[in-house]
Every structure is written in C-alpha cells, then in structure tokens.
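Here's protein.cif, which has mmCIF, C-alpha atoms:
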```cif
data_upload
loop_
_atom_site.label_atom_id
_atom_site.label_comp_id
_atom_site.auth_asym_id
_atom_site.auth_seq_id
_atom_site.Cartn_x
_atom_site.Cartn_y
_atom_site.Cartn_z
CA MET A 1 105.00 104.20 69.58
CA SER A 2 103.17 105.44 66.51
CA PHE A 3 101.13 108.65 66.58
CA SER A 4 97.83 106.73 66.57
CA GLU A 5 98.95 104.71 69.61
CA MET A 6 99.90 107.91 71.42
CA LEU A 7 96.49 109.35 70.59
CA ALA A 8 94.92 106.17 71.99
CA VAL A 9 96.90 106.70 75.22
CA LEU A 10 95.62 110.30 75.41
CA ILE A 11 92.00 109.31 74.86
CA GLY A 12 92.46 106.36 77.22
CA CYS A 13 93.66 108.68 79.99
CA VAL A 14 90.59 110.88 79.49
CA PHE A 15 87.96 108.12 79.47
CA VAL A 16 88.84 104.41 79.66
CA ASN A 17 91.89 104.63 81.91
CA ASN A 18 90.98 107.82 83.76
CA TYR A 19 93.47 107.88 86.61
CA VAL A 20 90.97 109.46 89.03
CA LEU A 21 88.18 106.95 88.47
CA VAL A 22 90.14 103.82 87.60
CA ARG A 23 93.39 104.24 89.54
CA PHE A 24 91.88 106.10 92.53
CA VAL A 25 94.30 109.04 92.50
CA GLY A 26 93.29 112.55 93.48
CA PHE A 27 89.59 111.95 94.10
CA GLU A 28 89.73 113.30 97.65
CA HIS A 29 90.90 116.68 96.30
CA ILE A 30 88.13 116.66 93.71
CA ALA A 31 85.49 116.01 96.37
CA ASN A 32 86.98 118.70 98.62
CA ASP A 33 87.31 121.27 95.86
CA SER A 34 84.17 120.47 93.98
CA LYS A 35 82.09 123.38 95.27
CA LYS A 36 84.01 125.45 92.73
CA ASN A 37 82.86 126.08 89.17
CA ALA A 38 84.10 124.81 85.82
CA LYS A 39 86.43 127.83 85.39
CA TYR A 40 88.17 127.02 88.67
CA ASN A 41 88.45 123.33 87.73
CA ALA A 42 89.92 124.30 84.35
CA LYS A 43 92.51 126.45 86.13
CA VAL A 44 93.50 123.66 88.52
CA SER A 45 93.67 121.07 85.72
CA LEU A 46 95.81 123.40 83.60
CA LEU A 47 98.12 123.93 86.55
CA PHE A 48 98.46 120.19 87.16
CA THR A 49 99.12 119.57 83.46
CA LEU A 50 101.80 122.26 83.44
CA ILE A 51 103.49 120.82 86.54
CA LEU A 52 103.25 117.29 85.13
CA VAL A 53 104.80 118.37 81.83
CA ILE A 54 107.76 119.97 83.66
CA ALA A 55 108.06 116.99 86.03
CA THR A 56 107.97 114.50 83.12
CA THR A 57 110.66 116.49 81.32
CA ILE A 58 112.91 116.10 84.36
CA THR A 59 111.99 112.64 85.68
CA PHE A 60 112.10 110.71 82.39
CA PRO A 61 115.80 111.33 81.60
CA LEU A 62 116.69 111.05 85.30
CA ASP A 63 115.01 107.66 85.46
CA LYS A 64 116.44 106.37 82.20
CA TRP A 65 120.00 107.63 82.45
CA VAL A 66 120.67 107.98 86.18
CA LEU A 67 118.40 105.90 88.42
CA ILE A 68 118.04 102.66 86.43
CA PRO A 69 121.66 102.27 85.10
CA ASN A 70 123.12 102.96 88.56
CA GLY A 71 120.65 100.77 90.48
CA PHE A 72 119.06 103.68 92.31
CA GLU A 73 115.45 102.61 91.69
CA TRP A 74 114.93 102.51 95.45
CA ALA A 75 115.27 106.30 95.50
CA ARG A 76 112.65 106.83 92.77
CA ASN A 77 109.85 107.97 95.12
CA LEU A 78 112.04 110.53 96.82
CA VAL A 79 113.42 111.82 93.50
CA TYR A 80 109.91 112.10 92.04
CA VAL A 81 108.57 113.93 95.09
CA LEU A 82 111.52 116.36 95.02
CA VAL A 83 111.06 116.93 91.29
CA ILE A 84 107.36 117.68 91.84
CA ALA A 85 108.26 120.18 94.58
CA LEU A 86 110.81 121.75 92.20
CA SER A 87 108.27 121.90 89.36
CA VAL A 88 105.71 123.57 91.63
CA PHE A 89 108.38 126.08 92.69
CA LEU A 90 109.31 126.76 89.04
CA VAL A 91 105.69 127.26 88.00
CA GLU A 92 105.10 129.50 91.00
CA THR A 93 108.13 131.74 90.45
CA LEU A 94 108.40 131.77 86.66
CA ILE A 95 104.79 131.65 85.53
CA MET A 96 102.37 132.53 88.31
CA LYS A 97 104.15 135.60 89.65
CA ARG A 98 105.18 137.05 86.28
CA THR A 99 102.56 136.32 83.68
CA ALA A 100 99.63 134.41 85.07
CA GLU A 101 98.57 135.50 88.54
CA TRP A 102 95.13 134.07 87.87
CA LEU A 103 96.76 130.63 88.03
CA LYS A 104 97.56 131.11 91.74
CA TYR A 105 96.84 127.99 93.85
CA ASP A 106 97.98 126.68 97.20
CA SER A 107 101.30 125.01 96.33
CA ILE A 108 101.21 122.40 99.12
CA ASN A 109 97.86 121.20 97.75
CA VAL A 110 99.49 120.62 94.37
CA VAL A 111 102.43 118.70 95.83
CA LEU A 112 100.12 116.60 97.99
CA ASN A 113 97.70 115.84 95.18
CA SER A 114 98.25 112.19 94.44
CA VAL A 115 97.24 112.69 90.81
CA VAL A 116 100.62 114.37 90.17
CA LEU A 117 102.86 111.71 91.72
CA GLY A 118 100.46 108.95 90.65
CA THR A 119 100.60 109.96 86.97
CA LEU A 120 104.41 109.98 86.99
CA LEU A 121 104.57 106.58 88.70
CA PHE A 122 101.95 104.99 86.44
CA ASN A 123 103.62 106.36 83.31
CA GLN A 124 106.86 104.82 84.52
CA SER A 125 105.24 101.47 85.38
CA TYR A 126 103.50 101.30 81.96
CA ASN A 127 106.92 101.84 80.32
CA TYR A 128 105.70 104.75 78.21
CA ASP A 129 108.39 106.43 76.15
CA TRP A 130 109.17 110.11 76.60
CA LEU A 131 106.74 111.47 74.00
CA THR A 132 103.93 109.10 75.01
CA SER A 133 104.34 110.25 78.62
CA TYR A 134 103.44 113.79 77.49
CA PHE A 135 100.29 112.49 75.78
CA ALA A 136 99.38 110.58 78.98
CA VAL A 137 99.99 113.70 81.06
CA ILE A 138 97.78 115.87 78.84
CA GLY A 139 95.10 113.15 78.87
CA THR A 140 95.27 113.04 82.66
CA GLY A 141 94.82 116.82 82.83
CA ILE A 142 91.74 116.66 80.60
CA GLY A 143 90.41 113.63 82.51
CA TYR A 144 90.89 115.43 85.84
CA PHE A 145 89.01 118.47 84.52
CA LEU A 146 86.19 116.26 83.25
CA VAL A 147 85.71 114.42 86.55
CA ALA A 148 86.12 117.58 88.68
CA THR A 149 83.52 119.45 86.62
CA ILE A 150 81.00 116.59 86.67
CA VAL A 151 81.47 116.05 90.43
CA SER A 152 81.10 119.78 91.19
CA GLY A 153 77.86 119.88 89.19
CA LEU A 154 76.54 116.77 90.91
CA ARG A 155 77.62 118.02 94.32
CA LYS A 156 75.55 121.19 93.95
CA ARG A 157 72.51 119.02 93.26
CA ILE A 158 73.29 116.55 96.06
CA ASP A 159 73.65 119.37 98.62
CA MET A 160 70.11 120.49 97.82
CA LYS A 161 68.63 117.03 98.44
CA ALA A 162 67.70 115.35 101.73
CA VAL A 163 70.47 112.76 102.03
CA PRO A 164 70.27 110.20 104.92
CA GLU A 165 72.33 111.51 107.84
CA SER A 166 74.98 108.78 107.82
CA PHE A 167 75.52 109.22 104.09
CA ARG A 168 76.00 112.99 104.26
CA GLY A 169 79.42 114.25 103.21
CA VAL A 170 82.10 111.70 102.34
CA PRO A 171 79.92 108.57 101.78
CA ILE A 172 77.57 110.24 99.30
CA TYR A 173 80.52 111.66 97.31
CA LEU A 174 81.99 108.17 97.14
CA ALA A 175 78.61 106.87 95.94
CA THR A 176 78.65 109.58 93.25
CA LEU A 177 82.12 108.48 92.19
CA THR A 178 80.81 104.89 92.01
CA ILE A 179 78.29 105.90 89.35
CA LEU A 180 80.85 107.98 87.46
CA SER A 181 83.33 105.12 87.63
CA LEU A 182 80.67 102.74 86.30
CA ALA A 183 80.10 105.10 83.37
CA VAL A 184 83.83 105.12 82.59
CA TYR A 185 83.99 101.33 83.05
CA ALA A 186 81.42 101.01 80.29
CA PHE A 187 83.96 102.49 77.84
CA ALA A 188 86.48 99.74 78.59
CA MET B 1 88.44 108.63 121.78
CA GLU B 2 88.06 112.40 122.17
CA GLU B 3 85.01 114.02 120.58
CA LYS B 4 86.99 116.17 118.12
CA TYR B 5 88.89 113.13 116.87
CA ARG B 6 85.66 111.16 116.50
CA LYS B 7 84.21 113.95 114.36
CA ILE B 8 87.15 114.21 112.02
CA LEU B 9 87.77 110.47 111.73
CA VAL B 10 85.43 110.04 108.74
CA GLU B 11 87.07 113.02 106.99
CA VAL B 12 90.50 111.61 107.79
CA ILE B 13 89.52 108.21 106.42
CA PHE B 14 88.43 109.90 103.22
CA LEU B 15 91.71 111.80 102.91
CA GLY B 16 93.62 108.57 103.34
CA LEU B 17 91.59 106.55 100.87
CA THR B 18 93.64 107.25 97.72
CA PRO B 19 96.17 104.45 98.11
CA ALA B 20 93.92 102.34 100.28
CA LEU B 21 90.93 101.80 97.98
CA ALA B 22 93.12 100.37 95.26
CA ALA B 23 94.66 97.98 97.78
CA THR B 24 91.31 96.60 98.90
CA ILE B 25 91.02 94.18 95.98
CA ASN B 26 91.38 91.36 98.53
CA SER B 27 91.77 91.06 102.29
CA ILE B 28 95.51 90.27 102.26
CA SER B 29 96.37 93.29 100.08
CA ALA B 30 94.17 95.44 102.31
CA ILE B 31 95.87 94.28 105.49
CA SER B 32 99.31 94.75 103.87
CA MET B 33 98.41 98.33 103.00
CA GLY B 34 96.96 98.81 106.48
CA VAL B 35 100.19 97.60 108.12
CA GLY B 36 102.11 99.88 105.76
CA ILE B 37 100.04 102.87 106.77
CA ILE B 38 100.52 102.06 110.49
CA PHE B 39 104.30 101.78 109.95
CA ILE B 40 104.61 104.96 107.86
CA MET B 41 102.34 107.03 110.07
CA VAL B 42 103.85 105.97 113.40
CA MET B 43 107.46 106.20 112.22
CA SER B 44 107.09 109.54 110.47
CA THR B 45 105.18 111.00 113.44
CA LEU B 46 107.84 109.71 115.83
CA THR B 47 110.65 111.12 113.68
CA MET B 48 108.94 114.49 113.34
CA ARG B 49 108.31 114.53 117.09
CA LEU B 50 111.95 113.73 117.92
CA PHE B 51 113.36 116.32 115.52
CA ARG B 52 110.71 119.00 116.05
CA SER B 53 113.24 121.48 117.45
CA PHE B 54 115.04 121.48 114.07
CA VAL B 55 111.85 122.02 112.10
CA THR B 56 110.90 125.62 111.43
CA GLU B 57 107.66 127.10 110.13
CA GLU B 58 109.25 127.63 106.69
CA ASN B 59 110.59 124.13 106.17
CA LYS B 60 108.06 121.98 108.04
CA TYR B 61 106.04 120.93 104.95
CA PHE B 62 109.17 120.01 103.06
CA VAL B 63 110.65 118.04 105.98
CA THR B 64 107.36 116.20 106.57
CA LEU B 65 107.18 115.31 102.88
CA VAL B 66 110.74 113.94 102.80
CA VAL B 67 110.32 111.98 106.05
CA THR B 68 107.00 110.43 104.92
CA THR B 69 108.49 109.56 101.52
CA LEU B 70 111.51 107.90 103.16
CA PHE B 71 109.37 105.63 105.31
CA ALA B 72 107.06 104.86 102.38
CA SER B 73 110.14 103.85 100.35
CA ILE B 74 111.42 101.64 103.19
CA PHE B 75 108.07 99.87 103.46
CA GLN B 76 107.89 99.51 99.68
CA MET B 77 111.33 97.86 99.57
CA VAL B 78 110.51 95.49 102.46
CA THR B 79 107.23 94.47 100.79
CA GLU B 80 108.99 93.90 97.47
CA ALA B 81 111.65 91.75 99.13
CA TYR B 82 109.52 89.57 101.41
CA PHE B 83 105.89 89.80 100.23
CA LEU B 84 106.06 89.81 96.45
CA ASP B 85 102.41 88.75 95.95
CA ALA B 86 101.16 91.67 98.00
CA TYR B 87 103.66 93.99 96.30
CA LYS B 88 102.29 93.12 92.86
CA ASN B 89 98.86 94.39 93.95
CA ILE B 90 99.83 97.46 95.97
CA GLY B 91 103.37 98.40 94.85
CA VAL B 92 102.68 101.80 93.26
CA TYR B 93 100.12 102.66 95.90
CA ILE B 94 102.65 102.29 98.73
CA ALA B 95 104.71 104.94 96.97
CA LEU B 96 101.61 107.12 96.82
CA CYS B 97 101.46 107.05 100.63
CA SER B 98 104.19 109.74 100.45
CA VAL B 99 101.56 112.26 99.41
CA ASN B 100 98.74 110.84 101.49
CA MET B 101 96.90 113.76 103.10
CA MET B 102 96.03 111.74 106.21
CA LEU B 103 99.65 110.71 106.87
CA PHE B 104 100.88 114.19 106.07
CA ALA B 105 98.41 115.94 108.39
CA VAL B 106 99.22 113.71 111.38
CA SER B 107 103.01 113.81 110.84
CA ASN B 108 102.90 117.56 110.38
CA GLY B 109 100.90 117.90 113.61
CA ALA B 110 103.75 116.21 115.50
CA THR B 111 105.86 119.39 115.17
CA LYS B 112 103.43 121.36 117.33
CA LYS B 113 104.61 121.63 120.93
CA GLU B 114 101.10 121.67 122.39
CA GLU B 115 100.20 118.28 120.83
CA LYS B 116 100.55 115.61 123.53
CA GLY B 117 100.61 111.86 122.87
CA ILE B 118 100.59 112.41 119.11
CA VAL B 119 102.41 109.12 118.43
CA VAL B 120 99.74 107.15 120.29
CA LYS B 121 97.01 109.08 118.45
CA ALA B 122 98.77 108.37 115.15
CA PHE B 123 98.89 104.67 116.00
CA LEU B 124 95.20 104.60 116.94
CA PHE B 125 94.18 106.52 113.80
CA SER B 126 96.17 104.24 111.54
CA LEU B 127 94.92 101.12 113.37
CA ALA B 128 91.30 102.26 112.89
CA PHE B 129 92.11 102.96 109.25
CA CYS B 130 93.70 99.51 108.89
CA VAL B 131 90.57 97.83 110.32
CA ILE B 132 88.32 99.81 107.96
CA ILE B 133 90.27 98.97 104.80
CA PHE B 134 90.48 95.33 105.93
CA ILE B 135 86.66 95.30 106.14
CA VAL B 136 86.40 96.88 102.66
CA GLY B 137 88.94 94.38 101.28
CA SER B 138 87.18 91.41 102.89
CA ILE B 139 83.77 92.41 101.54
CA ARG B 140 85.21 92.87 98.04
CA GLU B 141 87.01 89.53 98.16
CA ILE B 142 84.18 87.50 99.73
CA MET B 143 81.47 88.85 97.42
CA GLY B 144 83.61 89.41 94.35
CA VAL B 145 85.76 86.25 94.31
CA GLY B 146 84.02 83.94 96.77
CA THR B 147 87.03 83.39 99.04
CA PHE B 148 88.43 84.91 102.23
CA LEU B 149 92.14 85.47 103.00
CA GLY B 150 92.77 84.16 99.48
CA GLN B 151 96.57 84.28 99.24
CA VAL B 152 97.18 82.76 102.70
CA LYS B 153 94.36 80.48 103.88
CA ASP B 154 92.00 80.52 100.90
CA ILE B 155 88.78 79.95 102.83
CA PRO B 156 86.00 79.41 100.26
CA VAL B 157 82.63 81.12 100.71
CA LYS B 158 80.38 78.77 98.79
CA PHE B 159 77.39 81.01 98.10
CA PHE B 160 79.49 83.84 96.66
CA ALA B 161 81.83 81.42 94.89
CA ASP B 162 78.79 80.34 92.86
CA ASN B 163 77.29 83.84 92.62
CA LYS B 164 80.21 86.24 92.21
CA VAL B 165 79.49 89.98 92.21
CA LEU B 166 82.22 90.67 89.68
CA ILE B 167 81.83 94.46 89.68
CA LEU B 168 83.19 94.50 93.26
CA GLN B 169 86.60 93.48 91.93
CA LYS B 170 86.64 96.55 89.66
CA ALA B 171 87.07 100.25 90.47
CA PRO B 172 83.32 101.03 90.85
CA GLY B 173 83.05 98.23 93.42
CA ALA B 174 85.82 99.83 95.50
CA PHE B 175 84.02 103.18 95.54
CA MET B 176 80.69 101.45 96.31
CA VAL B 177 81.95 99.38 99.26
CA GLY B 178 84.05 102.35 100.44
CA SER B 179 80.91 104.51 100.45
CA ILE B 180 78.85 101.99 102.43
CA VAL B 181 81.61 101.28 104.97
CA THR B 182 82.33 104.99 105.60
CA ALA B 183 78.57 105.56 106.07
CA LEU B 184 78.53 102.69 108.58
CA VAL B 185 81.56 104.13 110.38
CA ALA B 186 79.87 107.55 110.52
CA PHE B 187 76.71 105.89 111.90
CA VAL B 188 78.57 103.87 114.55
CA LEU B 189 80.68 106.85 115.65
CA LYS B 190 77.60 109.00 115.95
CA LYS B 191 75.77 106.36 118.01
CA THR B 192 78.71 105.79 120.36
CA GLY B 193 79.13 109.56 120.73
CA LYS B 194 75.44 109.95 121.66
CA ASN B 195 75.63 107.08 124.18
CA LYS B 196 78.64 108.66 125.88
CA GLU B 197 76.91 112.04 126.05
CA ALA B 198 73.80 110.38 127.58
CA LYS B 199 75.95 108.73 130.27
#
```

As structure tokens, how would this structure be written, given the file I've shared?
Amino acid sequence: MSFSEMLAVLIGCVFVNNYVLVRFVGFEHIANDSKKNAKYNAKVSLLFTLILVIATTITFPLDKWVLIPNGFEWARNLVYVLVIALSVFLVETLIMKRTAEWLKYDSINVVLNSVVLGTLLFNQSYNYDWLTSYFAVIGTGIGYFLVATIVSGLRKRIDMKAVPESFRGVPIYLATLTILSLAVYAFA
Amino acid sequence: MEEKYRKILVEVIFLGLTPALAATINSISAISMGVGIIFIMVMSTLTMRLFRSFVTEENKYFVTLVVTTLFASIFQMVTEAYFLDAYKNIGVYIALCSVNMMLFAVSNGATKKEEKGIVVKAFLFSLAFCVIIFIVGSIREIMGVGTFLGQVKDIPVKFFADNKVLILQKAPGAFMVGSIVTALVAFVLKKTGKNKEAK
C-alpha cells in the first residue's frame, strides 16, 4: 500500500470506519466509563493504542508465518486472546510500573475490551499489510478517544435532563450512539 | 426470575450487545448469534463449574478467558462448516464473544461455591438474550428489507418491501432499534416486578 492509502486507512478508522460506531466494538466500555473526563479518555485510548501496537507486532508475523502456512487458522482466536493478555502484561510490567504510573488501568478491563480483539480481527479480515495495520491501530486509538470524549460530554448533559424512566441508563446511551453513528455515517 | 437478576438483566444485555448488534442485520443472523451465545455461555459455565476446584483466585480470569475463547472457536468452526451464509454475516463477531463481558461475568461466577444452579441461570440469561436479539434482528429485517426469515423462508412483508427504512440496515439503525428494544425490556421487567410485589 502507498503512503496515501495508509493515511486514508488511518483517517477512515477515525471517522468513516470508526470501529466503535460502525463495527460495534467497545461501546459498552465507553458508556460505562464515560463519566470520566477527556484526560482520562486520552489515557485509556493511549493505553489501548500501545497494547494494540505490541499485539499487532506479535500477531501479524505469527499469523503470516505460523498459523496460515500450517493450517492453524482455527486457533487464531485463542492465539490473539493470549497475545493480548501478554501485551497487557508487558505494558503493565515494563511501562506502567517503571515509567508511567499515571497510565495505570484495570488490566482485565483492557483484555475484555472488544475494541482490542476486534481491531486485530478486523485488520486481519481486511488483509491489511503489516505497516497498514499500525496505521489502522493508531486510527482506532484516535477514533476511540473521539467517541469516548463526545459520549462523556453528552452523558453529563443527559444525566441532568428528565429522561423517561424506561429510557434511563442503557437505552438513552444507545440512542446517543445512534445519533453519533448517524453523524459518522454521513462521512461515508 | 429473582428480583436481583431482573434488575441487572438490562445491564447484562447491554454488556453482551457488542457482538450481538452487528449480528442483528436480519432475523436468521440474529438467531444464529443467539444460539451461539446460548452454546458458549452454557458450555463455559458448565466447564467452569465442573473444574472449579482447580481454579484459584489468581488464575480464574485467565482460565475463564481461555475456556470462553475455546467454545467461541468451536462454535465459529461449526458455523463456518455448516451455515456458511450465517457465518459470512457474523463470523468475526462470534470470535468477539470470547471477550464478551456478559459471557465472562456469568462463566466467572460459576467458580463461586455459593452460586447454586448457575448453569440453569446461564441458560435462562442467554435464552432471554437470544429472544431479544431475535426481536431486534426481525425489526431491522422487516422494516429495512421488507422480508422476514429471509435466508430460510423469505416471507415478504409487502408494506415495508415497498417502503424500506434503509437506515435500519446500517449501524445507526442497529443502535436505534437496540435502544428502543432495551427500553421496552426495562419497561416490561419493571411492570412484571411491580405486579409480583403487589401480589
């Protein structure tokens, strides 16, 4: 892929093909976490991007040179999940504890966030090459931050309004995501 | 259903929606995903229950993750082999069931000794979830395409076949119908809860 195509993938992952709003990954974490501010969302998005970069570095060669040539595609999910767990462990021990304690986050929440596994699986299904996968991963990180920040801002406003009882909580957040998703759909 | 489970059902549905919303593009995909969730949830809960004496506090998250992923992979392979049409729509999302918060929470709960009848509860939760995503999928298919059970029976719905609500076949439509159905579920659960209290 040429550099301009890679840039298109990055911008696509932020707006047009935002994995949260178009591919439905990770929105439940955004709605649960969205009482936090933009700084918190930036921290979480940076953490996800970091983990995704490490996971992509491991999964891409594993997929290309081990799983596919040997017919082990059936084990892809398990391998990806284990690689994510390993990446979280690496980030926790090498980065969080030594240099960036401010990056501390509940590790099980990172592993269970479907945006991490989803991004790896979608990158694989779109047949992105190694370098393009990094662009997609960075785009996903920025896209996640964008959606999380908008939802947290909207949620503060929604919580102050008189919402019909049945729509309080989960349904109103889904309605909010509908409008956001419509906005993103307009880019396509 | 016990009161505490009724209260958390809407939250649980929300936590499980990640793979499910994408699968609700039509009723057959929705029911395939629903069956998948029943299979993964019941089997992983049963496995965790059977091997709970080997699971310690330190390794329980890891074991739950591996067990859930294994059953998600099994279901993915079976779908790919026998139901290729459904697999084309929901393939990646079955894999995402491995990190589904709803499945994980219930399977993880199976390791607690004080939890009784957890497998039955897991079955009922996943069955309720299956019904809900089938409703979402049916609404999206009927109003968005104008058919019902499209890949199997293909029952036309004339009014909507002439007046398709195309946005329902896209991502915003999934969120919209998901929002309305979860609000309805919350309303129904609240009403039934009140009626039981009155009795």

Would you write out, as a Markdown table, a table of all residues in chain B that have an atom no more than 8 Å from an atom of chain A, listing for each the closest atom pair and the distance in Å to one decimal, considering only C-alpha atoms and ordering rows by chain and rising residue number?
```
| residue | atom | partner | partner_atom | distance |
| --- | --- | --- | --- | --- |
| B:Val10 | CA | A:Val170 | CA | 7.4 |
| B:Glu11 | CA | A:Val170 | CA | 6.9 |
| B:Phe14 | CA | A:Val170 | CA | 6.6 |
| B:Leu15 | CA | A:Glu28 | CA | 5.8 |
| B:Leu17 | CA | A:Glu28 | CA | 7.7 |
| B:Thr18 | CA | A:Val25 | CA | 5.6 |
| B:Pro19 | CA | A:Phe24 | CA | 7.2 |
| B:Leu21 | CA | A:Phe24 | CA | 7.0 |
| B:Ala22 | CA | A:Phe24 | CA | 6.5 |
| B:Tyr61 | CA | A:Ile108 | CA | 7.7 |
| B:Val66 | CA | A:Leu78 | CA | 7.0 |
| B:Thr69 | CA | A:Leu78 | CA | 6.0 |
| B:Leu70 | CA | A:Leu78 | CA | 6.9 |
| B:Ser73 | CA | A:Asn77 | CA | 6.7 |
| B:Met77 | CA | A:Trp74 | CA | 7.2 |
| B:Val92 | CA | A:Leu121 | CA | 6.9 |
| B:Ala95 | CA | A:Asn77 | CA | 6.2 |
| B:Leu96 | CA | A:Ser114 | CA | 6.5 |
| B:Ser98 | CA | A:Asn77 | CA | 8.0 |
| B:Val99 | CA | A:Leu112 | CA | 4.8 |
| B:Asn100 | CA | A:Leu112 | CA | 6.9 |
| B:Met101 | CA | A:Leu112 | CA | 6.7 |
| B:Ala171 | CA | A:Val22 | CA | 5.5 |
| B:Pro172 | CA | A:Thr178 | CA | 4.7 |
| B:Gly173 | CA | A:Thr178 | CA | 7.2 |
| B:Ala174 | CA | A:Thr178 | CA | 7.9 |
| B:Phe175 | CA | A:Thr178 | CA | 5.1 |
| B:Met176 | CA | A:Thr178 | CA | 5.5 |
| B:Gly178 | CA | A:Leu174 | CA | 7.0 |
| B:Ser179 | CA | A:Pro171 | CA | 4.4 |
| B:Ile180 | CA | A:Pro171 | CA | 6.7 |
| B:Thr182 | CA | A:Pro171 | CA | 5.8 |
| B:Ala183 | CA | A:Ser166 | CA | 5.1 |
| B:Leu184 | CA | A:Ser166 | CA | 7.1 |
| B:Ala186 | CA | A:Ser166 | CA | 5.7 |
| B:Phe187 | CA | A:Ser166 | CA | 5.3 |
```

Close residues, range 105-108 of chain B itself excluded, 10 Å, all atoms listed in the file, min 5 positions apart in chain, as a PDB file with C-alpha atoms, in the coordinates of the input:
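This went into out-v7.pdb:
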```
ATOM      1  CA  VAL B  12      90.500 111.610 107.790  1.00  0.00           C
ATOM      2  CA  LEU B  15      91.710 111.800 102.910  1.00  0.00           C
ATOM      3  CA  ILE B  40     104.610 104.960 107.860  1.00  0.00           C
ATOM      4  CA  MET B  41     102.340 107.030 110.070  1.00  0.00           C
ATOM      5  CA  VAL B  42     103.850 105.970 113.400  1.00  0.00           C
ATOM      6  CA  MET B  43     107.460 106.200 112.220  1.00  0.00           C
ATOM      7  CA  SER B  44     107.090 109.540 110.470  1.00  0.00           C
ATOM      8  CA  THR B  45     105.180 111.000 113.440  1.00  0.00           C
ATOM      9  CA  LEU B  46     107.840 109.710 115.830  1.00  0.00           C
ATOM     10  CA  THR B  47     110.650 111.120 113.680  1.00  0.00           C
ATOM     11  CA  MET B  48     108.940 114.490 113.340  1.00  0.00           C
ATOM     12  CA  ARG B  49     108.310 114.530 117.090  1.00  0.00           C
ATOM     13  CA  ARG B  52     110.710 119.000 116.050  1.00  0.00           C
ATOM     14  CA  LYS B  60     108.060 121.980 108.040  1.00  0.00           C
ATOM     15  CA  TYR B  61     106.040 120.930 104.950  1.00  0.00           C
ATOM     16  CA  PHE B  62     109.170 120.010 103.060  1.00  0.00           C
ATOM     17  CA  VAL B  63     110.650 118.040 105.980  1.00  0.00           C
ATOM     18  CA  THR B  64     107.360 116.200 106.570  1.00  0.00           C
ATOM     19  CA  LEU B  65     107.180 115.310 102.880  1.00  0.00           C
ATOM     20  CA  VAL B  67     110.320 111.980 106.050  1.00  0.00           C
ATOM     21  CA  THR B  68     107.000 110.430 104.920  1.00  0.00           C
ATOM     22  CA  ASN B 100      98.740 110.840 101.490  1.00  0.00           C
ATOM     23  CA  ILE B 118     100.590 112.410 119.110  1.00  0.00           C
ATOM     24  CA  VAL B 119     102.410 109.120 118.430  1.00  0.00           C
ATOM     25  CA  LYS B 121      97.010 109.080 118.450  1.00  0.00           C
ATOM     26  CA  ALA B 122      98.770 108.370 115.150  1.00  0.00           C
ATOM     27  CA  PHE B 125      94.180 106.520 113.800  1.00  0.00           C
ATOM     28  CA  SER B 126      96.170 104.240 111.540  1.00  0.00           C
TER      29      SER B 126
END
```

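The space between CA of Leu86 in chain A and CA of Thr57 in chain A spans 12.1 Å.
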
Selection result for the PyMOL selection byres ((chain B and resi 80) around 12) on this file, as number ranges by chain: A: 74; B: 32, 73-79, 81-92, 94-95

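Taking CA of Lys164 in chain B and CA of Ile139 in chain B as endpoints, the distance between them is 11.7 Å.
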
Residues selected by the PyMOL selection byres ((chain A and resi 126-134) around 10), written as a ChimeraX atom specification: /A:1-3,5-10,49,52-54,56-57,59-61,64,119-125,135-140

Test item: the PyMOL selection byres ((chain A and resi 151) around 9) resolved as JSON, numbers by chain: {"A": [30, 31, 34, 35, 146, 147, 148, 149, 150, 152, 153, 154, 155, 156, 173, 176, 177, 180]}

Nearest residue to Gly144 in chain B from the set B:Val55, B:Lys158, B:Ala128, B:Gln169 (distances using only C-alpha atoms):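 So, comparing all the options, the nearest one is B:Gln169.
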
Distance of CA of Gly16 in chain B from CA of Met102 in chain B, expressed in Å to one decimal place: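 Going from CA of Met102 in chain B over to CA of Gly16 in chain B, I get 4.9 Å.
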
Nearest candidate to Gly12 in chain A (options A:Leu47, A:Lys161, A:Ala42, A:Ile142; using all atoms listed in the file):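 Comparing A:Leu47, A:Lys161, A:Ala42, A:Ile142 against Gly12 in chain A, the winner is A:Ile142.
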
Non-local contacts of Pro156 in chain B (12 Å; only C-alpha atoms; under 4 positions in same chain excluded) as a CSV table (one decimal) with C-alpha atoms, in the coordinates of the input:
```
chain,number,residue,atom,x,y,z
B,141,GLU,CA,87.0,89.5,98.2
B,142,ILE,CA,84.2,87.5,99.7
B,143,MET,CA,81.5,88.8,97.4
B,144,GLY,CA,83.6,89.4,94.4
B,145,VAL,CA,85.8,86.2,94.3
B,146,GLY,CA,84.0,83.9,96.8
B,147,THR,CA,87.0,83.4,99.0
B,148,PHE,CA,88.4,84.9,102.2
B,149,LEU,CA,92.1,85.5,103.0
B,150,GLY,CA,92.8,84.2,99.5
B,151,GLN,CA,96.6,84.3,99.2
B,152,VAL,CA,97.2,82.8,102.7
B,160,PHE,CA,79.5,83.8,96.7
B,161,ALA,CA,81.8,81.4,94.9
B,162,ASP,CA,78.8,80.3,92.9
```

Top pick for closest residue to Leu90 in chain A, considering A:Ser4, A:Asn41, A:Gly143, A:Ile51 and counting all atoms listed in the file: A:Ile51

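Around Gly34 in chain B, within 9 Å and counting only C-alpha atoms, the residues found are Ala20, Ser29, Phe39, Ser126, Leu127, Phe129, Cys130, Val131, Ile132, Ile133 and Phe134 of chain B, once anything fewer than 5 positions away on its own chain is removed.
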
Nearest-residue call for Val177 in chain B, choices B:Val136, B:Leu124, B:Ala30, B:Ile38, using only C-alpha atoms: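 Nearest candidate to Val177 in chain B out of B:Val136, B:Leu124, B:Ala30, B:Ile38: B:Val136.
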